[in-house]
Structures are given as structure tokens and as C-alpha cells.
$ cat query-v1.tsv   # TSV, C-alpha atoms
chain	number	residue	atom	x	y	z
A	248	MET	CA	-109.93	29.60	-7.31
A	249	LEU	CA	-112.71	28.67	-4.90
A	250	ARG	CA	-116.15	28.90	-6.46
A	251	SER	CA	-117.45	30.52	-3.26
A	252	ASP	CA	-114.85	33.31	-3.61
A	253	ALA	CA	-115.72	33.70	-7.28
A	254	LEU	CA	-119.44	33.97	-6.49
A	255	GLN	CA	-118.81	36.47	-3.71
A	256	THR	CA	-116.82	38.64	-6.10
A	257	ILE	CA	-119.46	38.63	-8.86
A	258	TYR	CA	-122.52	38.73	-6.55
A	259	PRO	CA	-123.00	42.50	-7.05
A	260	ASN	CA	-123.11	41.87	-10.83
A	261	LEU	CA	-125.74	39.15	-10.40
A	262	GLU	CA	-128.15	40.53	-7.86
A	263	GLN	CA	-130.23	42.76	-10.13
A	264	HIS	CA	-130.54	40.19	-12.90
A	265	ILE	CA	-132.36	36.94	-13.55
A	266	VAL	CA	-130.15	34.07	-12.40
A	267	VAL	CA	-130.68	30.34	-13.00
A	268	THR	CA	-128.30	27.90	-11.30
A	269	ILE	CA	-127.76	24.17	-11.41
A	270	MET	CA	-128.23	22.07	-8.28
A	271	GLY	CA	-125.55	21.33	-5.74
A	272	ALA	CA	-122.70	23.46	-4.44
A	273	VAL	CA	-123.23	26.49	-6.67
A	274	ALA	CA	-126.89	26.75	-5.64
A	275	VAL	CA	-126.08	26.50	-1.94
A	276	GLU	CA	-123.22	28.98	-2.17
A	277	LEU	CA	-125.28	31.57	-4.04
A	278	PHE	CA	-128.21	31.05	-1.67
A	279	THR	CA	-125.89	31.53	1.31
A	280	LEU	CA	-124.50	34.76	-0.11
A	281	GLY	CA	-128.02	36.13	-0.20
A	282	HIS	CA	-131.15	34.71	-1.76
A	283	ARG	CA	-133.21	36.95	-4.01
A	284	HIS	CA	-136.56	36.24	-5.65
A	285	ASN	CA	-134.97	36.68	-9.08
A	286	PHE	CA	-132.70	33.67	-8.41
A	287	PHE	CA	-133.88	30.19	-9.43
A	288	TYR	CA	-132.07	27.04	-8.30
A	289	LEU	CA	-132.86	24.11	-10.61
A	290	GLU	CA	-132.68	21.31	-8.08
A	291	HIS	CA	-132.79	18.48	-10.62
A	292	ALA	CA	-133.04	18.02	-14.40
A	293	MET	CA	-129.25	18.11	-14.74
A	294	GLY	CA	-128.07	19.97	-17.80
A	295	LEU	CA	-131.17	22.06	-18.35
A	296	ALA	CA	-130.32	25.28	-16.48
A	297	SER	CA	-128.89	26.68	-19.71
A	298	SER	CA	-131.99	25.62	-21.68
A	299	MET	CA	-134.18	27.34	-19.09
A	300	GLY	CA	-131.99	30.41	-19.32
A	301	LEU	CA	-132.36	30.37	-23.10
A	302	GLY	CA	-136.16	30.14	-22.79
A	303	ILE	CA	-136.23	33.08	-20.38
A	304	ALA	CA	-133.79	35.13	-22.47
A	305	LEU	CA	-135.91	34.66	-25.61
A	306	ALA	CA	-139.11	35.46	-23.71
A	307	MET	CA	-137.69	38.56	-21.95
A	308	PRO	CA	-135.29	40.19	-24.42
A	309	ASN	CA	-135.08	43.37	-22.32
A	310	GLN	CA	-133.68	41.61	-19.25
A	311	LYS	CA	-130.27	40.09	-18.63
A	312	VAL	CA	-130.30	36.38	-17.84
A	313	ILE	CA	-127.32	34.71	-16.17
A	314	VAL	CA	-126.93	30.92	-16.00
A	315	LEU	CA	-124.56	29.41	-13.44
A	316	ASP	CA	-123.67	26.02	-14.90
A	317	GLY	CA	-121.14	23.32	-14.09
A	318	ASP	CA	-118.97	20.90	-16.04
A	319	GLY	CA	-120.98	17.81	-15.09
A	320	SER	CA	-124.27	19.46	-16.01
A	321	LEU	CA	-123.00	20.95	-19.27
A	322	LEU	CA	-121.51	17.61	-20.34
A	323	MET	CA	-125.01	16.10	-19.94
A	324	ASN	CA	-126.46	18.61	-22.43
A	325	LEU	CA	-123.71	19.67	-24.83
A	326	GLY	CA	-126.36	20.28	-27.50
A	327	THR	CA	-127.39	23.35	-25.52
A	328	LEU	CA	-124.24	25.13	-26.75
A	329	SER	CA	-125.21	24.63	-30.38
A	330	THR	CA	-128.79	25.72	-29.68
A	331	MET	CA	-127.74	28.86	-27.78
A	332	ALA	CA	-125.20	29.64	-30.52
A	333	ARG	CA	-127.89	29.30	-33.18
A	334	TYR	CA	-130.06	32.03	-31.65
A	335	LYS	CA	-127.33	34.07	-29.93
A	336	PRO	CA	-129.50	35.97	-27.45
A	337	GLY	CA	-127.35	38.94	-26.47
A	338	ASN	CA	-129.04	39.15	-23.08
A	339	LEU	CA	-127.83	35.68	-22.03
A	340	LEU	CA	-124.62	35.10	-20.05
A	341	HIS	CA	-123.58	31.50	-19.46
A	342	ILE	CA	-121.02	30.96	-16.70
A	343	VAL	CA	-119.61	27.45	-16.25
A	344	PHE	CA	-117.76	26.59	-13.06
A	345	ASP	CA	-115.53	23.66	-14.04
A	346	ASN	CA	-114.29	21.74	-11.01
A	347	GLU	CA	-113.53	18.65	-13.12
A	348	SER	CA	-115.68	16.69	-10.72
A	349	LEU	CA	-119.18	15.48	-9.89
A	350	LEU	CA	-118.65	16.94	-6.45
A	351	SER	CA	-122.04	16.44	-4.82
A	352	VAL	CA	-122.24	12.73	-5.70
A	353	GLY	CA	-118.85	11.56	-4.47
A	354	GLY	CA	-116.34	13.68	-6.34
A	355	PHE	CA	-115.84	11.38	-9.32
A	356	PRO	CA	-113.83	13.07	-12.09
A	357	THR	CA	-115.68	14.33	-15.17
A	358	ALA	CA	-114.22	14.27	-18.68
A	359	THR	CA	-112.79	17.78	-18.19
A	360	ALA	CA	-110.36	16.12	-15.74
A	361	THR	CA	-108.99	14.04	-18.60
A	362	GLY	CA	-108.69	16.76	-21.21
A	363	THR	CA	-112.14	17.69	-22.51
A	364	ASP	CA	-112.04	21.42	-23.18
A	365	LEU	CA	-115.40	23.08	-22.56
A	366	ALA	CA	-114.21	26.47	-23.83
A	367	GLY	CA	-113.07	24.79	-27.03
A	368	ILE	CA	-116.43	23.03	-27.41
A	369	ALA	CA	-118.26	26.32	-26.80
A	370	ARG	CA	-116.14	28.11	-29.42
A	371	ALA	CA	-116.56	25.31	-31.94
A	372	SER	CA	-120.32	25.33	-31.29
A	373	GLY	CA	-120.44	28.94	-32.44
A	374	ILE	CA	-120.86	30.83	-29.15
A	375	PRO	CA	-119.75	34.30	-30.29
A	376	CYS	CA	-117.77	35.20	-27.17
A	377	VAL	CA	-116.02	32.56	-25.05
A	378	ILE	CA	-113.78	33.63	-22.17
A	379	GLU	CA	-111.67	31.60	-19.78
A	380	ALA	CA	-111.41	33.29	-16.40
A	381	ASP	CA	-109.66	31.52	-13.58
A	382	THR	CA	-109.29	34.23	-10.94
A	383	PRO	CA	-112.07	36.12	-9.14
A	384	GLU	CA	-110.77	39.40	-10.61
A	385	SER	CA	-110.68	38.17	-14.21
A	386	LEU	CA	-114.10	36.55	-13.77
A	387	LYS	CA	-115.58	39.79	-12.46
A	388	ALA	CA	-114.07	41.74	-15.35
A	389	SER	CA	-115.42	39.18	-17.85
A	390	VAL	CA	-118.90	39.25	-16.31
A	391	SER	CA	-118.99	43.05	-16.39
A	392	GLU	CA	-117.82	43.05	-20.00
A	393	ALA	CA	-120.35	40.43	-21.06
A	394	LEU	CA	-123.28	42.20	-19.36
A	395	ALA	CA	-122.32	45.46	-21.06
A	396	SER	CA	-121.69	43.95	-24.48
A	397	ASN	CA	-125.07	42.47	-25.49
A	398	VAL	CA	-123.20	39.51	-27.04
A	399	LEU	CA	-123.99	35.94	-26.02
A	400	THR	CA	-121.05	34.93	-23.83
A	401	THR	CA	-119.89	31.69	-22.23
A	402	ILE	CA	-117.33	32.04	-19.45
A	403	ILE	CA	-115.47	28.93	-18.33
A	404	SER	CA	-113.95	29.23	-14.86
A	405	LYS	CA	-111.81	26.47	-13.43
A	406	VAL	CA	-112.51	26.09	-9.71
A	407	GLU	CA	-111.37	23.76	-6.97
A	408	ALA	CA	-113.51	20.72	-6.22
A	409	VAL	CA	-114.55	22.06	-2.84
A	410	GLY	CA	-118.11	22.64	-1.75
A	411	PRO	CA	-120.19	23.56	1.29
A	412	LYS	CA	-120.42	21.29	4.33
A	413	SER	CA	-124.15	20.85	3.80
A	414	PHE	CA	-126.30	20.99	0.67
A	415	HIS	CA	-129.38	21.94	2.67
A	416	MET	CA	-131.15	25.14	1.63
A	417	ASP	CA	-134.01	26.49	3.72
A	418	LEU	CA	-136.13	27.12	0.65
A	419	PRO	CA	-138.66	24.56	-0.58
A	420	LEU	CA	-138.28	24.26	-4.34
A	421	LEU	CA	-141.90	25.17	-5.07
A	422	GLU	CA	-141.56	28.32	-2.95
A	423	ASN	CA	-138.55	29.26	-5.07
A	424	ARG	CA	-140.52	28.51	-8.26
A	425	PHE	CA	-143.52	30.71	-7.33
A	426	GLN	CA	-141.31	33.51	-5.95
A	427	PHE	CA	-139.26	33.46	-9.15
A	428	LYS	CA	-142.28	33.61	-11.46
A	429	ARG	CA	-143.68	36.58	-9.53
A	430	ALA	CA	-140.29	38.33	-9.62
A	431	LEU	CA	-140.15	37.89	-13.41
A	432	GLU	CA	-143.71	39.22	-13.75
A	433	LYS	CA	-142.62	42.39	-11.92
A	434	MET	CA	-139.54	42.71	-14.11
A	435	ARG	CA	-141.72	42.51	-17.25
A	436	GLN	CA	-143.70	45.57	-16.16
B	101	MET	CA	-148.81	10.10	-50.08
B	102	ALA	CA	-147.74	13.20	-48.21
B	103	VAL	CA	-147.93	15.10	-44.97
B	104	SER	CA	-151.14	17.16	-44.92
B	105	VAL	CA	-150.46	20.84	-45.52
B	106	THR	CA	-154.11	21.71	-44.92
B	107	ASN	CA	-154.28	20.05	-41.51
B	108	SER	CA	-150.83	21.33	-40.53
B	109	ARG	CA	-152.15	24.83	-41.29
B	110	LEU	CA	-155.21	24.24	-39.10
B	111	ILE	CA	-152.99	23.15	-36.21
B	112	TYR	CA	-150.65	26.11	-36.72
B	113	GLU	CA	-153.51	28.62	-36.81
B	114	ALA	CA	-154.91	27.06	-33.62
B	115	LEU	CA	-151.54	27.51	-31.88
B	116	LYS	CA	-151.51	31.15	-32.97
B	117	ALA	CA	-155.06	31.60	-31.67
B	118	CYS	CA	-153.84	30.18	-28.34
B	119	ASP	CA	-151.30	33.04	-28.22
B	120	VAL	CA	-148.33	30.71	-28.52
B	121	LYS	CA	-145.20	32.83	-29.06
B	122	ILE	CA	-142.39	30.29	-28.74
B	123	ILE	CA	-142.30	26.89	-30.43
B	124	SER	CA	-139.47	24.45	-29.89
B	125	ALA	CA	-139.06	21.69	-32.42
B	126	LEU	CA	-136.87	18.95	-33.72
B	127	PRO	CA	-137.59	17.98	-37.32
B	128	GLU	CA	-139.65	14.89	-38.03
B	129	THR	CA	-141.50	13.99	-41.21
B	130	TRP	CA	-145.03	14.63	-39.96
B	131	LEU	CA	-144.03	17.99	-38.49
B	132	VAL	CA	-142.26	19.47	-41.53
B	133	HIS	CA	-145.05	21.87	-42.52
B	134	LEU	CA	-145.70	22.99	-38.95
B	135	ILE	CA	-142.00	23.75	-38.47
B	136	ARG	CA	-141.84	25.60	-41.80
B	137	MET	CA	-144.89	27.68	-40.89
B	138	ALA	CA	-143.32	28.62	-37.56
B	139	ASP	CA	-140.05	29.47	-39.29
B	140	GLU	CA	-141.77	31.72	-41.84
B	141	ASP	CA	-143.88	33.54	-39.24
B	142	PRO	CA	-142.15	36.74	-38.05
B	143	GLU	CA	-144.35	36.77	-34.93
B	144	MET	CA	-143.18	33.31	-33.84
B	145	THR	CA	-139.91	32.41	-32.14
B	146	LEU	CA	-138.95	28.97	-33.41
B	147	VAL	CA	-136.21	27.25	-31.41
B	148	ARG	CA	-134.64	24.37	-33.29
B	149	ILE	CA	-133.19	22.12	-30.64
B	150	ALA	CA	-130.58	19.37	-30.77
B	151	LYS	CA	-132.48	17.02	-28.45
B	152	GLU	CA	-135.99	17.14	-26.99
B	153	GLU	CA	-134.74	17.39	-23.40
B	154	GLU	CA	-133.74	20.97	-24.15
B	155	ALA	CA	-137.31	21.82	-25.14
B	156	ILE	CA	-138.59	21.07	-21.64
B	157	GLY	CA	-136.11	23.60	-20.22
B	158	ILE	CA	-136.89	26.20	-22.88
B	159	SER	CA	-140.65	25.93	-22.35
B	160	ALA	CA	-140.22	25.99	-18.56
B	161	GLY	CA	-138.17	29.19	-18.89
B	162	ALA	CA	-140.71	30.76	-21.23
B	163	TYR	CA	-143.56	29.87	-18.87
B	164	LEU	CA	-141.82	31.37	-15.84
B	165	ALA	CA	-141.19	34.48	-17.95
B	166	GLY	CA	-144.91	34.70	-18.75
B	167	VAL	CA	-144.87	33.65	-22.42
B	168	ASN	CA	-146.97	30.84	-23.92
B	169	SER	CA	-145.04	28.13	-25.69
B	170	ALA	CA	-145.67	24.79	-27.34
B	171	LEU	CA	-143.45	21.81	-28.04
B	172	LEU	CA	-143.44	19.97	-31.36
B	173	MET	CA	-141.96	16.54	-30.99
B	174	GLN	CA	-142.18	13.03	-32.32
B	175	ASN	CA	-143.22	10.43	-29.78
B	176	HIS	CA	-139.65	9.16	-29.71
B	177	GLY	CA	-138.64	12.71	-28.79
B	178	PHE	CA	-141.15	12.59	-25.95
B	179	LEU	CA	-139.50	9.37	-24.82
B	180	ALA	CA	-136.11	11.12	-24.97
B	181	ALA	CA	-137.43	13.88	-22.70
B	182	ILE	CA	-138.90	11.76	-19.90
B	183	ASN	CA	-136.36	12.74	-17.22
B	184	PRO	CA	-136.83	16.52	-17.59
B	185	ILE	CA	-140.61	16.05	-17.83
B	186	VAL	CA	-140.41	14.31	-14.44
B	187	SER	CA	-137.61	16.24	-12.76
B	188	LEU	CA	-138.43	19.71	-14.08
B	189	ALA	CA	-142.04	19.97	-15.29
B	190	LEU	CA	-143.71	17.62	-12.77
B	191	LEU	CA	-141.33	18.46	-9.91
B	192	TYR	CA	-141.77	22.21	-10.32
B	193	LYS	CA	-145.43	22.16	-11.45
B	194	ILE	CA	-144.70	23.63	-14.88
B	195	PRO	CA	-147.42	23.47	-17.55
B	196	LEU	CA	-146.32	22.12	-20.93
B	197	VAL	CA	-148.36	21.85	-24.12
B	198	MET	CA	-146.72	18.98	-26.00
B	199	LEU	CA	-147.85	18.26	-29.55
B	200	ILE	CA	-146.61	14.76	-30.22
B	201	SER	CA	-146.70	13.09	-33.63
B	202	TYR	CA	-147.99	9.63	-32.94
B	203	ARG	CA	-145.73	7.39	-34.98
B	204	GLY	CA	-145.87	3.63	-34.74
B	205	HIS	CA	-149.62	3.41	-34.16
B	206	MET	CA	-152.31	1.84	-36.38
B	207	GLY	CA	-151.32	1.93	-40.04
B	208	GLU	CA	-147.59	2.39	-39.41
B	209	LYS	CA	-145.50	0.78	-42.14
B	210	ASP	CA	-142.03	1.63	-40.72
B	211	PRO	CA	-140.98	-1.17	-38.39
B	212	TRP	CA	-138.54	1.13	-36.53
B	213	GLN	CA	-141.41	3.32	-35.32
B	214	THR	CA	-143.49	0.56	-33.82
B	215	GLN	CA	-141.96	0.06	-30.38
B	216	GLY	CA	-142.22	3.77	-29.63
B	217	GLY	CA	-145.81	3.71	-30.82
B	218	LEU	CA	-146.65	0.88	-28.47
B	219	ALA	CA	-144.98	2.61	-25.50
B	220	THR	CA	-146.32	6.16	-25.95
B	221	GLU	CA	-149.73	6.03	-24.31
B	222	PRO	CA	-148.78	3.66	-21.46
B	223	ILE	CA	-145.93	6.02	-20.50
B	224	LEU	CA	-148.15	9.11	-20.72
B	225	HIS	CA	-150.64	7.32	-18.46
B	226	ALA	CA	-147.87	6.31	-16.05
B	227	LEU	CA	-146.86	9.98	-15.76
B	228	ASN	CA	-150.51	11.00	-15.24
B	229	ILE	CA	-150.34	13.27	-18.30
B	230	PRO	CA	-153.77	13.91	-19.86
B	231	ILE	CA	-154.11	13.06	-23.56
B	232	TRP	CA	-156.11	14.54	-26.42
B	233	HIS	CA	-156.18	12.65	-29.69
B	234	LEU	CA	-156.60	15.12	-32.55
B	235	THR	CA	-158.47	12.74	-34.80
B	236	GLY	CA	-160.73	15.22	-36.60
B	237	THR	CA	-160.33	18.66	-38.13
B	238	ALA	CA	-163.52	20.24	-36.80
B	239	ASP	CA	-162.39	20.88	-33.24
B	240	ILE	CA	-158.63	21.41	-33.50
B	241	TYR	CA	-158.68	24.93	-32.02
B	242	GLN	CA	-161.04	23.99	-29.19
B	243	ARG	CA	-158.97	20.94	-28.25
B	244	LEU	CA	-155.68	22.84	-28.28
B	245	LYS	CA	-157.23	25.67	-26.28
B	246	ASP	CA	-158.72	23.21	-23.78
B	247	ALA	CA	-155.34	21.47	-23.46
B	248	GLN	CA	-153.62	24.80	-22.79
B	249	VAL	CA	-156.28	25.85	-20.28
B	250	LEU	CA	-155.95	22.57	-18.35
B	251	ALA	CA	-152.14	22.73	-18.41
B	252	HIS	CA	-152.20	26.22	-16.88
B	253	ALA	CA	-154.95	25.43	-14.36
B	254	ALA	CA	-153.34	22.17	-13.22
B	255	LEU	CA	-149.75	23.44	-13.57
B	256	HIS	CA	-149.07	20.15	-15.32
B	257	PRO	CA	-147.98	18.91	-18.76
B	258	VAL	CA	-150.60	17.85	-21.28
B	259	ALA	CA	-150.16	15.80	-24.45
B	260	VAL	CA	-151.91	16.39	-27.76
B	261	LEU	CA	-151.31	13.35	-29.94
B	262	LEU	CA	-151.20	14.02	-33.69
B	263	PRO	CA	-152.34	10.79	-35.33
B	264	ARG	CA	-151.84	9.40	-38.81
B	265	GLU	CA	-155.37	10.18	-39.98
B	266	LEU	CA	-154.79	13.90	-39.30
B	267	MET	CA	-151.18	14.30	-40.43
B	268	TRP	CA	-150.93	11.99	-43.43
B	269	GLU	CA	-152.84	11.98	-46.71
B	270	ASP	CA	-152.72	8.67	-48.56
$ encode --input "query-v1.tsv" --output "C-alpha cells"
Amino acid sequence: MLRSDALQTIYPNLEQHIVVTIMGAVAVELFTLGHRHNFFYLEHAMGLASSMGLGIALAMPNQKVIVLDGDGSLLMNLGTLSTMARYKPGNLLHIVFDNESLLSVGGFPTATATGTDLAGIARASGIPCVIEADTPESLKASVSEALASNVLTTIISKVEAVGPKSFHMDLPLLENRFQFKRALEKMRQ
Amino acid sequence: MAVSVTNSRLIYEALKACDVKIISALPETWLVHLIRMADEDPEMTLVRIAKEEEAIGISAGAYLAGVNSALLMQNHGFLAAINPIVSLALLYKIPLVMLISYRGHMGEKDPWQTQGGLATEPILHALNIPIWHLTGTADIYQRLKDAQVLAHAALHPVAVLLPRELMWED
């Protein structure tokens, strides 16, 4: 599955909710599908998109928060799975696109290319619902189910190590940060 | 010899008076009472993290969602969180109120704490992070409030160092 196809398929499920992405291909592809002020692209601090999502989910229990993570980022912060599992916010959905590669920095293989099983780690960490979805249709069904369920869910989706031609986004990161905070303020009301 | 319950209570009440709703923490000896107080308080969300890096993300998320938070960490935890402090909090102009137990400073008997103690203030200075030393009990609330006010006005992290004379009773 191409991540861009997966994102296009689930975009209607994402657009009304708070979304936090990691940097790189997933950020560019979501941005290209259609930027919204309730989307935040964490352009550095690898591994912390899920921690930010947890902070938002705990602070805004009445809103759904969706984190778009990647294998390289998650492997840099595996403790996040045990922390999320400890508090189990039902309004948090954690989607991991696993391309078995650090695509944006030369395509070097990550440990998932040599057998590390992120779904297994998530289950063993205590995430109450872990789903593996490797087609756009199964991903969309899993996302819909997770958003309706109010159960903390991690979805692991294997994708091809293919990204956009350019990583440029016409959105200065501070503009994104201030837009996003204002969007969340409106959603609190 | 014990961690001061009385002064931990003063710090905790000051955090409450600053409308802090989320506290992230990783256990350390000097912070045990503060963490217990947060855990026992139904109005407080205590997030027990696996590593201090996570706390920078959690507090950044809480801030963007409009909720006041504070971070309880040992100075070695601060050292463990340098990259996200730089590449999330400083990069994105996110205020953080970091309460840092100042191990390895004057009076430290544990040799393993001393290098972190020597490095703490120089690294805070290098990151241009303002520092309060909570040396006395009279002005704890005012100093925490002032730290929070500056963090939110400057959109920048601030450090409140919790020293031996406040946290430890010989």
C-alpha cells in the first residue's frame, strides 16, 4: 500500500478531528491532500508526536485526537506505548505507517525491516486495541471503528518506502503552531 | 534525614494555585512526596512517563490545548530531554514550567549525581532558559507564579531549581 493512497482514503475520517503528524513524507502528503488548522505537523523532535497527542487527548477529553506516526519515530520513543497504555485515553487514535525505512534521510532500513514487530510491542505494552491494516480499505474500516469505539487504539499499517518528490511545505512551522492553538481554542468552546 | 514533606506540600499547593492541571513526572527521591500528592489529588492529572523526553511532548500538547501543566524532573532527566526542549519547545515557542530537583550541587554525598549537578546550570544558560532557585519557603508561590507568567509571556521554557536546602531535612 502507498501511504499517500492510505491517507487519501482516510482523509474524510481525519478532517474534523485534531491531527498530529511526524515530520517528513506523511506531513507533506497530508498537507498536500488539504491543510486544515486542526492539523499539526511536528517538524522535528522525532518520536514525540504521540506524546503530544497524549497531552492533547488528556487536556481535551471531549475531542478525538489522531496521531500519524512512523516506524522510525516510534522506535525512537518506544516508552510512549507504555505511557499511553497506562492512561488509555479513549479519545486517542495512534496510526503508525511502517515503511521499514528512514525514508527522508536516505532510506536506510529500520529495525522493522529485520523483524521488529511494532504491533507486538504495542500489544505487549498494554495498548487495549491493536490492529494491523495493510490495505486502504481495511485501514479506513479500522479508523472508523476506533473513532467510534472510545478505546485507545494503535493501528500499524505497512506501507511502501515511497514518498513525495519534495518535502517542502508552504507553511512556516510557527504559522502552523499558532493556527493550531487557535483551532483547538475554538474546539474547546 | 528525609525528603521534606512540609516543603513538598508548599510547592504542591503553589502549583495548584497556579492552576496547573497536568503534571508529568518520573520518580526521583526528592520528588516522592510531590508525586504522591499529585497522584492522590482527584483534580490533578498525573502522567507517569518512561523517559523525560515524553514530558516535553505531553506539556506541549497540553499547552496547545489550553491547559496549564508542569514538569517534575531530576536534573539528569532535564539532561535527557535536551533535544525535545530544543527541537520542540524552543523551535515552536512553547512555554514549559520545569521543576528540576537540583542533585549533585553543594552538599551532595552521592558521587554519581555530581557530574549532572555541575552541568545543569551551564546547560540551562546555554539554552537561554531563565532560572529561579527556590531556596526559601516564604516566596514559593510567588516564584512559581512569576515563572509561569514569564514562560507564557515569552513563549519559552523556564526552570525552577529545587535545591537541597528546600527538599531535604537533615
$ residues_around --input "query-v1.tsv" --residues "stretch 409-426 of chain A" --least-positions-apart "6" --cutoff "12 Å" --atoms "all atoms listed in the file" --output "NGL selection string"
(:A and (248-252 or 267 or 270-291 or 344-354 or 432-433)) or (:B and (160-161 or 163-165 or 187-194 or 255))
$ closest_atom_pairs --input "query-v1.tsv" --of "chain B" --to "chain A" --cutoff "12 Å" --atoms "only C-alpha atoms" --output "Markdown table"
| residue | atom | partner | partner_atom | distance |
| --- | --- | --- | --- | --- |
| B:Val120 | CA | A:Ala306 | CA | 11.4 |
| B:Lys121 | CA | A:Ala306 | CA | 8.5 |
| B:Ile122 | CA | A:Ala306 | CA | 7.9 |
| B:Ile123 | CA | A:Gly302 | CA | 10.3 |
| B:Ser124 | CA | A:Gly302 | CA | 9.7 |
| B:Ala125 | CA | A:Thr330 | CA | 11.4 |
| B:Leu126 | CA | A:Thr330 | CA | 11.3 |
| B:Met144 | CA | A:Leu305 | CA | 11.1 |
| B:Thr145 | CA | A:Leu305 | CA | 8.0 |
| B:Leu146 | CA | A:Tyr334 | CA | 9.6 |
| B:Val147 | CA | A:Thr330 | CA | 7.8 |
| B:Arg148 | CA | A:Thr330 | CA | 7.0 |
| B:Ile149 | CA | A:Thr330 | CA | 5.8 |
| B:Ala150 | CA | A:Gly326 | CA | 5.4 |
| B:Lys151 | CA | A:Gly326 | CA | 7.0 |
| B:Glu152 | CA | A:Gly326 | CA | 10.1 |
| B:Glu153 | CA | A:Leu295 | CA | 7.7 |
| B:Glu154 | CA | A:Ser298 | CA | 5.5 |
| B:Ala155 | CA | A:Ser298 | CA | 7.4 |
| B:Ile156 | CA | A:Ser298 | CA | 8.0 |
| B:Gly157 | CA | A:Met299 | CA | 4.4 |
| B:Ile158 | CA | A:Gly302 | CA | 4.0 |
| B:Ser159 | CA | A:Gly302 | CA | 6.2 |
| B:Ala160 | CA | A:Met299 | CA | 6.2 |
| B:Gly161 | CA | A:Met299 | CA | 4.4 |
| B:Ala162 | CA | A:Gly302 | CA | 4.8 |
| B:Tyr163 | CA | A:Ile303 | CA | 8.1 |
| B:Leu164 | CA | A:Lys428 | CA | 4.9 |
| B:Ala165 | CA | A:Ile303 | CA | 5.7 |
| B:Gly166 | CA | A:Glu432 | CA | 6.8 |
| B:Val167 | CA | A:Ala306 | CA | 6.2 |
| B:Asn168 | CA | A:Ala306 | CA | 9.1 |
| B:Ser169 | CA | A:Gly302 | CA | 9.6 |
| B:Ala170 | CA | A:Gly302 | CA | 11.8 |
| B:Ala181 | CA | A:Ala292 | CA | 10.3 |
| B:Ile182 | CA | A:Ala292 | CA | 10.2 |
| B:Asn183 | CA | A:Ala292 | CA | 6.8 |
| B:Pro184 | CA | A:Ala292 | CA | 5.2 |
| B:Ile185 | CA | A:Ala292 | CA | 8.5 |
| B:Val186 | CA | A:Ala292 | CA | 8.3 |
| B:Ser187 | CA | A:Ala292 | CA | 5.2 |
| B:Leu188 | CA | A:Ala292 | CA | 5.7 |
| B:Ala189 | CA | A:Ala292 | CA | 9.3 |
| B:Leu190 | CA | A:Ala292 | CA | 10.8 |
| B:Leu191 | CA | A:Leu421 | CA | 8.3 |
| B:Tyr192 | CA | A:Leu421 | CA | 6.0 |
| B:Lys193 | CA | A:Leu421 | CA | 7.9 |
| B:Ile194 | CA | A:Arg424 | CA | 9.2 |
| B:Leu255 | CA | A:Phe425 | CA | 11.4 |
$ residues_around --input "query-v1.tsv" --residues "stretch 391-394 of chain A" --least-positions-apart "3" --cutoff "9 Å" --atoms "all atoms listed in the file" --output "CSV table (one decimal) with C-alpha atoms, in the frame of the given file"
chain,number,residue,atom,x,y,z
A,257,ILE,CA,-119.5,38.6,-8.9
A,260,ASN,CA,-123.1,41.9,-10.8
A,311,LYS,CA,-130.3,40.1,-18.6
A,337,GLY,CA,-127.4,38.9,-26.5
A,338,ASN,CA,-129.0,39.2,-23.1
A,339,LEU,CA,-127.8,35.7,-22.0
A,340,LEU,CA,-124.6,35.1,-20.0
A,376,CYS,CA,-117.8,35.2,-27.2
A,386,LEU,CA,-114.1,36.6,-13.8
A,387,LYS,CA,-115.6,39.8,-12.5
A,388,ALA,CA,-114.1,41.7,-15.4
A,397,ASN,CA,-125.1,42.5,-25.5
A,398,VAL,CA,-123.2,39.5,-27.0
A,399,LEU,CA,-124.0,35.9,-26.0
A,400,THR,CA,-121.0,34.9,-23.8
A,401,THR,CA,-119.9,31.7,-22.2
$ closest_residue --input "query-v1.tsv" --among "B:Ala254, B:Met267, B:Leu244, B:Leu179" --to "B:Leu218" --atoms "all atoms listed in the file"
B:Leu179
$ residues_around --input "query-v1.tsv" --residues "B:Ser108" --least-positions-apart "4" --cutoff "9 Å" --atoms "only C-alpha atoms" --output "JSON list (two decimals) with C-alpha atoms, keeping the file's coordinate frame"
[["chain", "number", "residue", "atom", "x", "y", "z"],
["B", 103, "VAL", "CA", -147.93, 15.10, -44.97],
["B", 104, "SER", "CA", -151.14, 17.16, -44.92],
["B", 112, "TYR", "CA", -150.65, 26.11, -36.72],
["B", 113, "GLU", "CA", -153.51, 28.62, -36.81],
["B", 130, "TRP", "CA", -145.03, 14.63, -39.96],
["B", 131, "LEU", "CA", -144.03, 17.99, -38.49],
["B", 132, "VAL", "CA", -142.26, 19.47, -41.53],
["B", 133, "HIS", "CA", -145.05, 21.87, -42.52],
["B", 134, "LEU", "CA", -145.70, 22.99, -38.95],
["B", 137, "MET", "CA", -144.89, 27.68, -40.89],
["B", 266, "LEU", "CA", -154.79, 13.90, -39.30],
["B", 267, "MET", "CA", -151.18, 14.30, -40.43]]
$ axis_aligned_box --input "query-v1.tsv" --around "stretch 336-353 of chain A" --padding-each-side "5 Å" --output "AutoDock Vina command-line options"
--center_x -121.5 --center_y 25.4 --center_z -16.0 --size_x 26.0 --size_y 37.6 --size_z 33.0
$ residues_around --input "query-v1.tsv" --residues "stretch 207-217 of chain B" --least-positions-apart "5" --cutoff "8 Å" --atoms "only C-alpha atoms" --output "tab-separated table (two decimals) with C-alpha atoms, keeping the file's coordinate frame"
chain	number	residue	atom	x	y	z
B	175	ASN	CA	-143.22	10.43	-29.78
B	176	HIS	CA	-139.65	9.16	-29.71
B	179	LEU	CA	-139.50	9.37	-24.82
B	202	TYR	CA	-147.99	9.63	-32.94
B	264	ARG	CA	-151.84	9.40	-38.81
$ residues_around --input "query-v1.tsv" --residues "B:Glu128" --least-positions-apart "6" --cutoff "10 Å" --atoms "only C-alpha atoms" --output "PyMOL selection string"
chain B and resi 135+172-174+177+201
$ atom_distance --input "query-v1.tsv" --atom1 "atom CA of B:Ile200" --atom2 "atom CA of B:His233"
9.8 Å
$ atom_distance --input "query-v1.tsv" --atom1 "atom CA of B:Val260" --atom2 "atom CA of B:Leu234"
6.8 Å
$ atom_distance --input "query-v1.tsv" --atom1 "atom CA of A:Val266" --atom2 "atom CA of A:Val314"
5.8 Å
$ closest_residue --input "query-v1.tsv" --among "A:Leu261, A:Val343, A:Ala408, A:Leu315" --to "A:Asp364" --atoms "all atoms listed in the file"
A:Val343
$ closest_residue --input "query-v1.tsv" --among "A:Tyr258, A:Gly319, A:Ser396, A:Val390" --to "A:Pro356" --atoms "all atoms listed in the file"
A:Gly319
$ closest_residue --input "query-v1.tsv" --among "A:Gly367, A:Gly317, A:Gly373, A:Pro308" --to "A:Ala332" --atoms "only C-alpha atoms"
A:Gly373
